[in-house]
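For reference, query.cif is printed below; it contains mmCIF, C-alpha atoms and all ligand atoms.
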data_work
#
loop_
_atom_site.label_atom_id
_atom_site.label_comp_id
_atom_site.auth_asym_id
_atom_site.auth_seq_id
_atom_site.Cartn_x
_atom_site.Cartn_y
_atom_site.Cartn_z
CA MET A 1 93.92 -50.07 -43.56
CA ALA A 2 90.89 -48.20 -42.22
CA LYS A 3 90.87 -44.51 -43.15
CA TYR A 4 88.40 -43.44 -40.47
CA SER A 5 87.79 -43.68 -36.73
CA SER A 6 84.56 -45.13 -35.37
CA LEU A 7 82.74 -46.06 -32.20
CA ILE A 8 79.93 -48.59 -31.76
CA ALA A 9 77.83 -49.14 -28.63
CA PRO A 10 74.50 -50.48 -27.36
CA ALA A 11 71.60 -48.08 -27.92
CA LYS A 12 70.80 -47.92 -24.20
CA TYR A 13 72.68 -48.99 -21.06
CA VAL A 14 70.91 -48.97 -17.69
CA GLN A 15 72.62 -49.89 -14.41
CA GLY A 16 71.40 -49.70 -10.81
CA ARG A 17 70.18 -51.37 -7.67
CA GLY A 18 66.93 -53.20 -8.28
CA VAL A 19 66.48 -52.05 -11.92
CA MET A 20 65.40 -55.56 -12.90
CA ALA A 21 61.95 -54.55 -11.60
CA GLU A 22 61.82 -51.81 -14.29
CA ALA A 23 62.52 -54.26 -17.13
CA GLY A 24 58.96 -54.11 -18.49
CA GLU A 25 58.91 -50.31 -18.79
CA LEU A 26 62.34 -50.26 -20.42
CA ILE A 27 61.60 -53.06 -22.90
CA LYS A 28 58.09 -51.96 -23.88
CA PRO A 29 59.20 -49.38 -26.50
CA LEU A 30 61.01 -52.21 -28.33
CA GLY A 31 58.02 -54.56 -28.70
CA GLU A 32 55.43 -56.60 -26.90
CA LYS A 33 56.29 -60.25 -27.40
CA VAL A 34 59.55 -61.11 -25.67
CA LEU A 35 61.45 -64.35 -26.18
CA PHE A 36 63.04 -64.81 -22.74
CA ILE A 37 66.11 -67.10 -22.94
CA ARG A 38 67.33 -68.17 -19.51
CA ASP A 39 68.88 -71.09 -17.66
CA SER A 40 67.32 -72.79 -14.65
CA VAL A 41 69.48 -70.93 -12.10
CA VAL A 42 68.46 -67.59 -13.59
CA ALA A 43 64.81 -68.59 -13.73
CA LYS A 44 64.88 -69.22 -9.97
CA LEU A 45 66.91 -66.11 -9.20
CA VAL A 46 65.11 -63.39 -11.14
CA GLY A 47 62.20 -65.05 -12.97
CA GLY A 48 59.64 -63.81 -10.44
CA VAL A 49 60.75 -60.16 -10.60
CA LEU A 50 60.78 -60.18 -14.41
CA ASP A 51 57.39 -61.90 -14.67
CA GLY A 52 55.88 -59.34 -12.28
CA SER A 53 57.30 -56.44 -14.28
CA PHE A 54 56.13 -57.94 -17.58
CA SER A 55 52.57 -58.58 -16.47
CA ARG A 56 52.31 -55.08 -14.95
CA THR A 57 53.37 -53.51 -18.27
CA GLY A 58 51.38 -55.87 -20.53
CA LEU A 59 54.39 -57.56 -22.17
CA LYS A 60 54.01 -61.14 -23.36
CA PRO A 61 57.05 -63.22 -22.41
CA VAL A 62 57.76 -66.62 -23.97
CA ALA A 63 60.26 -68.48 -21.79
CA VAL A 64 62.92 -70.66 -23.44
CA ASP A 65 65.27 -72.81 -21.36
CA PHE A 66 68.86 -72.47 -22.52
CA GLY A 67 70.56 -75.77 -23.42
CA GLY A 68 73.92 -74.75 -21.91
CA GLU A 69 76.16 -74.11 -24.95
CA CYS A 70 76.28 -71.26 -27.47
CA SER A 71 76.51 -73.66 -30.44
CA GLU A 72 75.13 -73.52 -34.00
CA LYS A 73 72.62 -76.22 -33.09
CA GLU A 74 71.30 -74.31 -30.07
CA ILE A 75 71.10 -71.07 -32.06
CA ALA A 76 69.10 -72.85 -34.79
CA ARG A 77 66.75 -74.42 -32.23
CA ILE A 78 65.95 -71.11 -30.53
CA THR A 79 65.74 -69.27 -33.86
CA ASP A 80 62.93 -71.67 -34.87
CA ILE A 81 61.06 -70.88 -31.64
CA ALA A 82 61.53 -67.12 -32.15
CA ARG A 83 60.09 -67.44 -35.69
CA ALA A 84 57.17 -69.63 -34.65
CA GLU A 85 56.28 -67.33 -31.75
CA GLN A 86 56.73 -64.19 -33.88
CA ALA A 87 58.69 -62.54 -31.08
CA ASP A 88 59.44 -58.80 -31.33
CA VAL A 89 62.26 -58.92 -28.83
CA VAL A 90 64.92 -61.56 -28.08
CA MET A 91 66.14 -61.27 -24.49
CA GLY A 92 69.08 -63.16 -22.94
CA VAL A 93 69.26 -63.28 -19.14
CA GLY A 94 72.29 -64.85 -17.43
CA GLY A 95 76.01 -65.30 -18.13
CA GLY A 96 78.10 -64.87 -21.27
CA LYS A 97 76.81 -67.86 -23.25
CA VAL A 98 73.09 -67.03 -22.85
CA ILE A 99 73.92 -63.45 -23.80
CA ASP A 100 75.75 -64.59 -26.92
CA VAL A 101 72.89 -66.90 -27.95
CA ALA A 102 70.39 -64.03 -27.64
CA LYS A 103 72.51 -61.87 -29.97
CA ALA A 104 73.02 -64.73 -32.44
CA VAL A 105 69.26 -65.44 -32.58
CA GLY A 106 67.92 -61.89 -32.48
CA ARG A 107 70.23 -60.00 -34.80
CA PRO A 108 69.97 -62.16 -37.98
CA LEU A 109 66.15 -62.16 -37.56
CA GLY A 110 66.16 -58.35 -37.34
CA LYS A 111 64.54 -58.43 -33.86
CA ALA A 112 65.30 -56.10 -30.96
CA VAL A 113 67.92 -57.58 -28.62
CA VAL A 114 67.83 -57.08 -24.85
CA ILE A 115 70.65 -58.29 -22.60
CA ILE A 116 70.32 -58.71 -18.83
CA PRO A 117 73.59 -60.02 -17.37
CA THR A 118 73.34 -61.63 -13.92
CA ILE A 119 77.12 -61.72 -13.39
CA ALA A 120 79.87 -59.25 -14.39
CA ALA A 121 82.43 -61.86 -15.45
CA THR A 122 83.03 -60.67 -19.04
CA ASP A 123 82.42 -57.73 -21.33
CA ALA A 124 80.05 -59.69 -23.59
CA PRO A 125 76.81 -57.79 -22.76
CA THR A 126 77.42 -54.61 -24.77
CA SER A 127 79.21 -55.99 -27.85
CA SER A 128 77.98 -56.75 -31.38
CA LEU A 129 79.56 -60.21 -31.54
CA SER A 130 78.99 -63.72 -30.23
CA VAL A 131 81.54 -66.43 -29.47
CA ILE A 132 80.40 -69.72 -30.99
CA TYR A 133 81.46 -73.08 -29.53
CA THR A 134 81.03 -76.68 -30.67
CA GLU A 135 78.50 -78.71 -28.70
CA ASP A 136 81.44 -80.00 -26.63
CA GLY A 137 82.46 -76.48 -25.66
CA VAL A 138 85.47 -76.02 -27.95
CA PHE A 139 85.93 -72.51 -29.41
CA GLU A 140 84.74 -72.42 -33.02
CA GLU A 141 84.44 -68.84 -34.27
CA TYR A 142 83.36 -65.28 -33.65
CA GLN A 143 80.12 -64.13 -35.31
CA PHE A 144 79.76 -60.43 -35.98
CA PHE A 145 76.39 -58.65 -36.24
CA ASP A 146 75.31 -55.39 -37.80
CA ARG A 147 74.34 -53.73 -34.52
CA ASN A 148 74.98 -53.86 -30.77
CA PRO A 149 72.14 -54.73 -28.36
CA ASP A 150 69.21 -52.31 -28.14
CA LEU A 151 69.14 -52.43 -24.36
CA VAL A 152 71.60 -53.67 -21.72
CA LEU A 153 70.05 -53.80 -18.27
CA VAL A 154 72.38 -54.38 -15.31
CA ASP A 155 70.87 -54.90 -11.87
CA THR A 156 73.80 -54.30 -9.51
CA GLU A 157 72.05 -55.98 -6.59
CA VAL A 158 71.79 -59.24 -8.51
CA ILE A 159 75.46 -59.04 -9.56
CA ALA A 160 76.66 -58.22 -6.03
CA ARG A 161 74.97 -61.39 -4.76
CA ALA A 162 76.75 -63.67 -7.25
CA PRO A 163 80.00 -65.38 -6.16
CA ALA A 164 82.88 -62.85 -5.93
CA ARG A 165 85.00 -64.94 -8.30
CA PHE A 166 82.78 -63.83 -11.21
CA LEU A 167 83.37 -60.13 -10.50
CA VAL A 168 87.11 -60.79 -10.10
CA ALA A 169 87.23 -62.67 -13.42
CA GLY A 170 85.46 -59.71 -15.04
CA MET A 171 88.21 -57.48 -13.66
CA GLY A 172 90.77 -59.76 -15.32
CA ASP A 173 89.02 -59.31 -18.66
CA ALA A 174 88.75 -55.54 -18.10
CA LEU A 175 92.42 -55.31 -17.04
CA ALA A 176 93.49 -56.06 -20.60
CA THR A 177 91.28 -53.43 -22.24
CA TRP A 178 93.51 -50.36 -21.91
CA PHE A 179 96.77 -52.14 -22.72
CA GLU A 180 95.35 -53.90 -25.78
CA ALA A 181 93.65 -50.75 -27.11
CA ASP A 182 96.83 -48.75 -26.53
CA ALA A 183 99.05 -51.28 -28.35
CA SER A 184 96.62 -51.79 -31.22
CA SER A 185 96.07 -48.05 -31.72
CA ARG A 186 99.81 -47.36 -31.76
CA ALA A 187 99.99 -49.90 -34.59
CA HIS A 188 97.15 -48.04 -36.40
CA LYS A 189 95.09 -51.24 -36.56
CA PRO A 190 91.30 -51.05 -36.93
CA ALA A 191 89.14 -52.32 -34.06
CA ILE A 192 86.04 -54.55 -34.30
CA SER A 193 84.08 -51.32 -34.87
CA GLY A 194 85.62 -51.36 -38.36
CA GLY A 195 87.60 -48.18 -37.85
CA LEU A 196 90.57 -46.85 -35.96
CA PRO A 197 89.86 -46.03 -32.30
CA THR A 198 88.35 -42.64 -31.51
CA MET A 199 89.84 -40.57 -28.66
CA THR A 200 86.62 -41.44 -26.86
CA ALA A 201 87.24 -45.20 -26.96
CA LEU A 202 90.84 -44.81 -25.81
CA GLN A 203 89.82 -42.61 -22.88
CA LEU A 204 87.10 -45.09 -21.89
CA ALA A 205 89.68 -47.89 -21.99
CA ARG A 206 92.03 -45.83 -19.81
CA LEU A 207 89.21 -45.04 -17.35
CA CYS A 208 88.44 -48.76 -17.24
CA TYR A 209 91.99 -49.50 -16.04
CA GLU A 210 92.08 -46.61 -13.55
CA THR A 211 88.74 -47.70 -12.07
CA LEU A 212 90.06 -51.20 -11.44
CA ILE A 213 93.24 -49.92 -9.77
CA ASP A 214 91.32 -47.45 -7.58
CA TYR A 215 88.27 -49.54 -6.66
CA GLY A 216 88.91 -53.18 -7.61
CA LEU A 217 90.01 -54.45 -4.22
CA ALA A 218 87.29 -52.58 -2.31
CA ALA A 219 84.67 -53.99 -4.70
CA LYS A 220 85.90 -57.54 -4.33
CA LEU A 221 85.87 -57.35 -0.52
CA ALA A 222 82.34 -55.92 -0.52
CA VAL A 223 80.98 -58.56 -2.89
CA GLU A 224 82.49 -61.32 -0.73
CA ARG A 225 79.94 -60.15 1.86
CA GLN A 226 77.26 -59.73 -0.84
CA ALA A 227 77.38 -55.98 -0.16
CA LEU A 228 76.63 -53.42 -2.86
CA THR A 229 78.79 -50.32 -2.32
CA PRO A 230 79.66 -47.42 -4.69
CA ALA A 231 82.97 -49.21 -5.40
CA VAL A 232 81.03 -52.27 -6.59
CA ASP A 233 78.90 -50.04 -8.83
CA ARG A 234 82.01 -48.57 -10.40
CA VAL A 235 83.66 -51.94 -10.99
CA ILE A 236 80.50 -53.42 -12.50
CA GLU A 237 80.43 -50.48 -14.93
CA ALA A 238 84.15 -50.94 -15.67
CA ASN A 239 83.79 -54.69 -16.30
CA THR A 240 80.67 -54.35 -18.42
CA LEU A 241 80.41 -50.96 -20.17
CA LEU A 242 83.93 -49.47 -20.15
CA SER A 243 85.61 -52.76 -20.99
CA GLY A 244 82.96 -53.60 -23.62
CA LEU A 245 83.23 -50.28 -25.46
CA GLY A 246 86.99 -50.20 -24.92
CA PHE A 247 87.72 -53.55 -26.52
CA GLU A 248 85.21 -53.30 -29.34
CA SER A 249 86.07 -49.79 -30.48
CA GLY A 250 89.61 -49.54 -29.04
CA GLY A 251 91.16 -52.78 -30.23
CA LEU A 252 92.43 -56.15 -29.01
CA ALA A 253 96.08 -57.27 -29.06
CA ALA A 254 98.34 -59.85 -27.36
CA ALA A 255 96.54 -60.45 -24.04
CA HIS A 256 93.48 -62.07 -25.64
CA SER A 257 95.60 -64.11 -28.07
CA ILE A 258 97.62 -65.47 -25.16
CA HIS A 259 94.30 -66.35 -23.51
CA ASN A 260 93.24 -68.21 -26.65
CA GLY A 261 96.62 -69.96 -26.74
CA LEU A 262 96.26 -71.10 -23.11
CA THR A 263 92.99 -72.87 -23.97
CA VAL A 264 95.09 -75.38 -25.97
CA LEU A 265 96.03 -76.89 -22.59
CA GLU A 266 93.15 -78.85 -21.11
CA ALA A 267 94.23 -78.06 -17.53
CA THR A 268 93.37 -74.37 -18.00
CA HIS A 269 89.76 -75.10 -19.02
CA HIS A 270 88.23 -74.77 -15.58
CA PHE A 271 89.65 -71.27 -15.18
CA TYR A 272 87.45 -68.39 -16.30
CA HIS A 273 88.09 -66.31 -19.42
CA GLY A 274 89.14 -63.24 -17.41
CA GLU A 275 91.52 -65.23 -15.21
CA LYS A 276 93.48 -66.34 -18.28
CA VAL A 277 93.27 -62.86 -19.82
CA ALA A 278 94.88 -61.40 -16.67
CA PHE A 279 97.95 -63.60 -17.11
CA GLY A 280 97.90 -62.75 -20.82
CA THR A 281 97.95 -59.05 -19.89
CA ILE A 282 101.04 -59.38 -17.70
CA SER A 283 102.72 -61.38 -20.50
CA GLN A 284 101.81 -58.67 -23.03
CA LEU A 285 103.36 -55.96 -20.83
CA LEU A 286 106.64 -57.89 -20.69
CA LEU A 287 106.47 -58.66 -24.42
CA GLU A 288 106.20 -54.96 -25.24
CA ASP A 289 108.92 -53.89 -22.82
CA ARG A 290 106.79 -51.72 -20.52
CA SER A 291 108.52 -50.10 -17.53
CA MET A 292 108.83 -52.15 -14.35
CA ASP A 293 106.64 -49.62 -12.52
CA GLU A 294 103.76 -50.30 -14.88
CA VAL A 295 104.22 -54.06 -14.78
CA GLU A 296 104.44 -54.11 -11.00
CA GLU A 297 101.25 -52.09 -10.65
CA VAL A 298 99.37 -54.67 -12.72
CA VAL A 299 100.87 -57.69 -10.93
CA ASP A 300 100.23 -56.11 -7.51
CA PHE A 301 96.64 -55.49 -8.51
CA CYS A 302 96.16 -59.10 -9.65
CA ILE A 303 97.62 -60.46 -6.41
CA SER A 304 95.42 -58.15 -4.32
CA VAL A 305 92.15 -59.28 -5.92
CA GLY A 306 93.18 -62.91 -6.44
CA LEU A 307 93.75 -63.07 -10.19
CA PRO A 308 96.35 -65.64 -11.26
CA VAL A 309 99.89 -64.31 -11.80
CA THR A 310 101.73 -67.62 -12.21
CA LEU A 311 101.36 -70.68 -14.42
CA GLU A 312 100.75 -72.74 -11.30
CA GLU A 313 97.76 -70.57 -10.45
CA LEU A 314 96.39 -71.42 -13.92
CA GLY A 315 96.69 -75.14 -13.21
CA ILE A 316 99.83 -75.62 -15.36
CA GLY A 317 102.69 -75.24 -12.88
CA ASN A 318 104.50 -78.26 -14.30
CA VAL A 319 104.00 -77.38 -17.96
CA SER A 320 106.89 -78.41 -20.24
CA ARG A 321 108.64 -75.90 -22.46
CA GLU A 322 107.27 -77.81 -25.49
CA ASP A 323 103.68 -77.48 -24.29
CA LEU A 324 104.15 -73.80 -23.51
CA LEU A 325 105.52 -73.36 -27.03
CA ARG A 326 102.24 -74.86 -28.33
CA VAL A 327 100.41 -72.17 -26.36
CA ALA A 328 102.65 -69.49 -27.90
CA GLU A 329 102.16 -70.90 -31.40
CA ALA A 330 98.36 -70.94 -30.99
CA ALA A 331 98.54 -67.35 -29.72
CA CYS A 332 100.35 -66.38 -32.94
CA ALA A 333 98.00 -68.25 -35.33
CA PRO A 334 96.95 -66.28 -38.43
CA GLY A 335 94.03 -63.98 -37.66
CA GLU A 336 94.91 -63.70 -33.96
CA THR A 337 94.74 -60.18 -32.52
CA ILE A 338 98.37 -60.51 -31.34
CA HIS A 339 99.19 -59.31 -34.87
CA ASN A 340 97.71 -55.93 -33.85
CA MET A 341 100.81 -55.30 -31.72
CA PRO A 342 102.99 -52.43 -33.02
CA PHE A 343 105.78 -54.90 -33.93
CA GLU A 344 105.96 -58.38 -35.42
CA VAL A 345 105.41 -61.08 -32.81
CA GLU A 346 106.75 -64.63 -33.06
CA PRO A 347 106.00 -67.64 -30.86
CA ALA A 348 109.48 -67.64 -29.27
CA MET A 349 108.86 -64.09 -28.02
CA VAL A 350 105.49 -65.06 -26.51
CA LEU A 351 106.97 -68.14 -24.84
CA ASP A 352 109.69 -66.03 -23.21
CA ALA A 353 107.20 -63.35 -22.12
CA MET A 354 105.03 -66.00 -20.42
CA LEU A 355 108.05 -67.52 -18.66
CA ALA A 356 109.15 -64.07 -17.50
CA ALA A 357 105.62 -63.25 -16.32
CA ASP A 358 105.53 -66.49 -14.35
CA ALA A 359 108.89 -65.74 -12.70
CA LEU A 360 107.81 -62.23 -11.76
CA GLY A 361 104.46 -63.47 -10.50
CA GLN A 362 106.13 -66.07 -8.29
CA MET A 363 108.54 -63.56 -6.86
CA MET A 364 105.90 -60.91 -6.16
CA SER A 365 103.51 -63.49 -4.67
CA ASN A 366 106.25 -64.29 -2.20
CA GLY A 367 106.23 -60.76 -0.91
CA TRP A 368 108.77 -58.99 -3.09
CA SER A 369 107.85 -55.86 -5.03
ZN ZN B 1 87.66 -60.86 -23.08
#

Output the structure of this file as structure tokens.
Amino acid sequence: MAKYSSLIAPAKYVQGRGVMAEAGELIKPLGEKVLFIRDSVVAKLVGGVLDGSFSRTGLKPVAVDFGGECSEKEIARITDIARAEQADVVMGVGGGKVIDVAKAVGRPLGKAVVIIPTIAATDAPTSSLSVIYTEDGVFEEYQFFDRNPDLVLVDTEVIARAPARFLVAGMGDALATWFEADASSRAHKPAISGGLPTMTALQLARLCYETLIDYGLAAKLAVERQALTPAVDRVIEANTLLSGLGFESGGLAAAHSIHNGLTVLEATHHFYHGEKVAFGTISQLLLEDRSMDEVEEVVDFCISVGLPVTLEELGIGNVSREDLLRVAEAACAPGETIHNMPFEVEPAMVLDAMLAADALGQMMSNGWS
């Protein structure tokens, strides 16, 4: 058991309207030659602004088109390019997988890592780990690196223009942060930071939750009109920075394991990470016997922003008890963070919590609360 508390974080986090245009100035202290990993959508969306900023500041970008999956093969391919080009900086621009590739290429080579998320769908940008998939997109492993990114640059205008479902999914991921950190810390389990959570991390996780409850719905409505309001700013920070620091230095628990378990069922694959985590969060609250007031607040929030609260809303309304038991068993596999809960968890308990969450979600969706 860890004997110390610790907190890890990116060296610099910058967020604001139009800050993409400042990328050159912000990256320059880290090096001149920048390996710029992006997909074709991103290249169209922000390539011009970044190129302008780079040429104004004398940076030398080398563009690499992302192959679409954060796999060992793709990491090896881009690592070869980074070596051949002698890049000083590895920069990932786009969604979670591009971000994870940039970390997995840059960190082992000892290069500076710059992350520019174009959606706020997960808390990947600030963390020191990458999620590795097979070439067919099946989860393989987590890779952990010695440091978090050197710079995370979040242009809120770009994120507010992306489809609202991304921001909502990010809220689902961020919704779990406080409850998982709270459960894991009560069990005295170390976080990914290597230590027990500091008071700082726990307060950030709590602020993450409070921000969602206070501003989540207003942010979602604004982004549906591609409007950038102060509420959107707050929720982007909650989804990206507060959730990122909160999970990495606060701790993960049942909600993310239930997410991982749900991926056993093919029908859940076209739902985003955060959408499954939201249902996992409600299940965790029932598993740990939280008060009805707390559970209702979370379910109400999910319904208001459009996060799934029933199995049907996750594409598995007709799931058999046997299949749901497979989900529960996968959630309880050795090494899963569900074992950070303050009590021993067995598959039967997870199965029952998911069934109870589904029943509550159905009832509250029909207007009862
Ligand atoms: Zn997550």

At most 10 Å is the cut-off: for each residue in chain A with any atom that close to an atom of ligand ZN 1 (chain B), write down the nearest atom pair and the distance in Å rounded to one decimal, counting all atoms listed in the file, chain first then increasing number, as a tab-separated table.
residue	atom	partner	partner_atom	distance
A:Ala121	CA	B:ZN1	ZN	9.3
A:Thr122	CA	B:ZN1	ZN	6.1
A:Asp123	CA	B:ZN1	ZN	6.3
A:Ala124	CA	B:ZN1	ZN	7.7
A:Ala169	CA	B:ZN1	ZN	9.8
A:Gly170	CA	B:ZN1	ZN	8.4
A:Gly172	CA	B:ZN1	ZN	8.4
A:Asp173	CA	B:ZN1	ZN	4.9
A:Ala174	CA	B:ZN1	ZN	7.4
A:Leu175	CA	B:ZN1	ZN	9.5
A:Ala176	CA	B:ZN1	ZN	7.9
A:Thr177	CA	B:ZN1	ZN	8.3
A:Asn239	CA	B:ZN1	ZN	10.0
A:Ser243	CA	B:ZN1	ZN	8.6
A:Gly244	CA	B:ZN1	ZN	8.7
A:Phe247	CA	B:ZN1	ZN	8.1
A:Leu252	CA	B:ZN1	ZN	8.9
A:Ala255	CA	B:ZN1	ZN	8.9
A:His256	CA	B:ZN1	ZN	6.5
A:Ser257	CA	B:ZN1	ZN	9.9
A:His259	CA	B:ZN1	ZN	8.6
A:Asn260	CA	B:ZN1	ZN	9.9
A:His273	CA	B:ZN1	ZN	6.6
A:Gly274	CA	B:ZN1	ZN	6.3
A:Glu275	CA	B:ZN1	ZN	9.8
A:Lys276	CA	B:ZN1	ZN	9.3
A:Val277	CA	B:ZN1	ZN	6.8
A:Ala278	CA	B:ZN1	ZN	9.7

With C-alpha atoms kept, could you save the residues just selected as a short mmCIF file (atom, residue, chain, number, x, y, z; two decimals), keeping the file's coordinate frame?
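Just written: result_35.cif:
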data_model
loop_
_atom_site.label_atom_id
_atom_site.label_comp_id
_atom_site.auth_asym_id
_atom_site.auth_seq_id
_atom_site.Cartn_x
_atom_site.Cartn_y
_atom_site.Cartn_z
CA ALA A 121 82.43 -61.86 -15.45
CA THR A 122 83.03 -60.67 -19.04
CA ASP A 123 82.42 -57.73 -21.33
CA ALA A 124 80.05 -59.69 -23.59
CA ALA A 169 87.23 -62.67 -13.42
CA GLY A 170 85.46 -59.71 -15.04
CA GLY A 172 90.77 -59.76 -15.32
CA ASP A 173 89.02 -59.31 -18.66
CA ALA A 174 88.75 -55.54 -18.10
CA LEU A 175 92.42 -55.31 -17.04
CA ALA A 176 93.49 -56.06 -20.60
CA THR A 177 91.28 -53.43 -22.24
CA ASN A 239 83.79 -54.69 -16.30
CA SER A 243 85.61 -52.76 -20.99
CA GLY A 244 82.96 -53.60 -23.62
CA PHE A 247 87.72 -53.55 -26.52
CA LEU A 252 92.43 -56.15 -29.01
CA ALA A 255 96.54 -60.45 -24.04
CA HIS A 256 93.48 -62.07 -25.64
CA SER A 257 95.60 -64.11 -28.07
CA HIS A 259 94.30 -66.35 -23.51
CA ASN A 260 93.24 -68.21 -26.65
CA HIS A 273 88.09 -66.31 -19.42
CA GLY A 274 89.14 -63.24 -17.41
CA GLU A 275 91.52 -65.23 -15.21
CA LYS A 276 93.48 -66.34 -18.28
CA VAL A 277 93.27 -62.86 -19.82
CA ALA A 278 94.88 -61.40 -16.67
#

Original post:
Hey, which of A:Gln86, A:Thr126, A:Thr156, A:Gln143 ends up closest to A:Glu72? Count only C-alpha atoms.
Top reply: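 The closest residue to A:Glu72 is A:Gln143.
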
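Minimum atom-to-atom distances from A:Ala162, A:Met292, A:Ala84, A:Met171 to A:Thr240 were compared using all atoms listed in the file, and the lowest value belongs to A:Met171.
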
Excluding A:Lys60 and residues on its chain fewer than 4 positions from it, collect all residues at most 12 Å away from it, counting all atoms listed in the file, and give them as a compact mmCIF listing (two decimals) with C-alpha atoms, keeping the file's coordinate frame.
# COMPACT_ATOMS: atom_id res chain seq x y z
CA GLY A 24 58.96 -54.11 -18.49
CA ILE A 27 61.60 -53.06 -22.90
CA LYS A 28 58.09 -51.96 -23.88
CA GLY A 31 58.02 -54.56 -28.70
CA GLU A 32 55.43 -56.60 -26.90
CA LYS A 33 56.29 -60.25 -27.40
CA VAL A 34 59.55 -61.11 -25.67
CA LEU A 35 61.45 -64.35 -26.18
CA PHE A 36 63.04 -64.81 -22.74
CA LEU A 50 60.78 -60.18 -14.41
CA ASP A 51 57.39 -61.90 -14.67
CA GLY A 52 55.88 -59.34 -12.28
CA SER A 53 57.30 -56.44 -14.28
CA PHE A 54 56.13 -57.94 -17.58
CA SER A 55 52.57 -58.58 -16.47
CA ARG A 56 52.31 -55.08 -14.95
CA GLU A 85 56.28 -67.33 -31.75
CA GLN A 86 56.73 -64.19 -33.88
CA ALA A 87 58.69 -62.54 -31.08
CA ASP A 88 59.44 -58.80 -31.33
CA VAL A 89 62.26 -58.92 -28.83
CA VAL A 90 64.92 -61.56 -28.08

Find the distance between atom CA of A:Ala164 and atom CA of A:Tyr272 and write it in Å to one decimal.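 Distance reported for this atom pair: 12.6 Å.
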
Give me the residues near stretch 261-270 of chain A as a list of chain:residue names, where near means some atom within 10 Å (using all atoms listed in the file) and where sequence neighbours in that chain fewer than 4 positions away do not count.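 Counting only the stated atoms, we get A:Gly137, A:Val138, A:Phe139, A:Ala255, A:His256, A:Ser257, A:Glu275, A:Lys276, A:Val277, A:Phe279, A:Gly280, A:Leu311, A:Glu313, A:Leu314, A:Gly315, A:Ile316, A:Val319, A:Asp323, A:Leu324, A:Leu325, A:Arg326, A:Val327, A:Ala328, A:Glu329, A:Ala330, A:Ala331, A:Cys332, A:Ala333, A:Glu336.
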
- Query: Residues at most 12 Å from A:His339, counting only C-alpha atoms, excluding those fewer than 2 positions away in the same chain, as JSON, numbers by chain?
  - Reply: {"A": [180, 183, 184, 187, 188, 189, 190, 251, 252, 253, 254, 255, 256, 257, 258, 331, 332, 333, 334, 335, 336, 337, 341, 342, 343, 344, 345, 346, 347, 350]}

May I have the residues from that selection written out with C-alpha atoms, as a PDB file, in the coordinates of the input?
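Just written: out-v3.pdb:
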ATOM      1  CA  GLU A 180      95.350 -53.900 -25.780  1.00  0.00           C
ATOM      2  CA  ALA A 183      99.050 -51.280 -28.350  1.00  0.00           C
ATOM      3  CA  SER A 184      96.620 -51.790 -31.220  1.00  0.00           C
ATOM      4  CA  ALA A 187      99.990 -49.900 -34.590  1.00  0.00           C
ATOM      5  CA  HIS A 188      97.150 -48.040 -36.400  1.00  0.00           C
ATOM      6  CA  LYS A 189      95.090 -51.240 -36.560  1.00  0.00           C
ATOM      7  CA  PRO A 190      91.300 -51.050 -36.930  1.00  0.00           C
ATOM      8  CA  GLY A 251      91.160 -52.780 -30.230  1.00  0.00           C
ATOM      9  CA  LEU A 252      92.430 -56.150 -29.010  1.00  0.00           C
ATOM     10  CA  ALA A 253      96.080 -57.270 -29.060  1.00  0.00           C
ATOM     11  CA  ALA A 254      98.340 -59.850 -27.360  1.00  0.00           C
ATOM     12  CA  ALA A 255      96.540 -60.450 -24.040  1.00  0.00           C
ATOM     13  CA  HIS A 256      93.480 -62.070 -25.640  1.00  0.00           C
ATOM     14  CA  SER A 257      95.600 -64.110 -28.070  1.00  0.00           C
ATOM     15  CA  ILE A 258      97.620 -65.470 -25.160  1.00  0.00           C
ATOM     16  CA  ALA A 331      98.540 -67.350 -29.720  1.00  0.00           C
ATOM     17  CA  CYS A 332     100.350 -66.380 -32.940  1.00  0.00           C
ATOM     18  CA  ALA A 333      98.000 -68.250 -35.330  1.00  0.00           C
ATOM     19  CA  PRO A 334      96.950 -66.280 -38.430  1.00  0.00           C
ATOM     20  CA  GLY A 335      94.030 -63.980 -37.660  1.00  0.00           C
ATOM     21  CA  GLU A 336      94.910 -63.700 -33.960  1.00  0.00           C
ATOM     22  CA  THR A 337      94.740 -60.180 -32.520  1.00  0.00           C
ATOM     23  CA  MET A 341     100.810 -55.300 -31.720  1.00  0.00           C
ATOM     24  CA  PRO A 342     102.990 -52.430 -33.020  1.00  0.00           C
ATOM     25  CA  PHE A 343     105.780 -54.900 -33.930  1.00  0.00           C
ATOM     26  CA  GLU A 344     105.960 -58.380 -35.420  1.00  0.00           C
ATOM     27  CA  VAL A 345     105.410 -61.080 -32.810  1.00  0.00           C
ATOM     28  CA  GLU A 346     106.750 -64.630 -33.060  1.00  0.00           C
ATOM     29  CA  PRO A 347     106.000 -67.640 -30.860  1.00  0.00           C
ATOM     30  CA  VAL A 350     105.490 -65.060 -26.510  1.00  0.00           C
TER      31      VAL A 350
END

Taken to one decimal, the atom CA of A:Gly306-atom CA of A:Glu294 distance is 18.5 Å

Atom CA of A:Val101 sits from atom CA of A:Cys70 at a separation of 5.5 Å

- Neighbour list for A:Leu221 as a PyMOL selection string, cut-off 10 Å, all atoms listed in the file, skip fewer than 6 positions in-chain: chain A and resi 164+227+231-232+305

Nearest to A:Gly216, restricted to all atoms listed in the file and choosing among A:Gln15, A:Ser304, A:Thr281, A:Ser193, comes out as A:Ser304

From the list A:Ala181, A:Ile37, A:Glu74, A:Tyr133, the nearest residue to A:Ala102 using all atoms listed in the file is A:Ile37
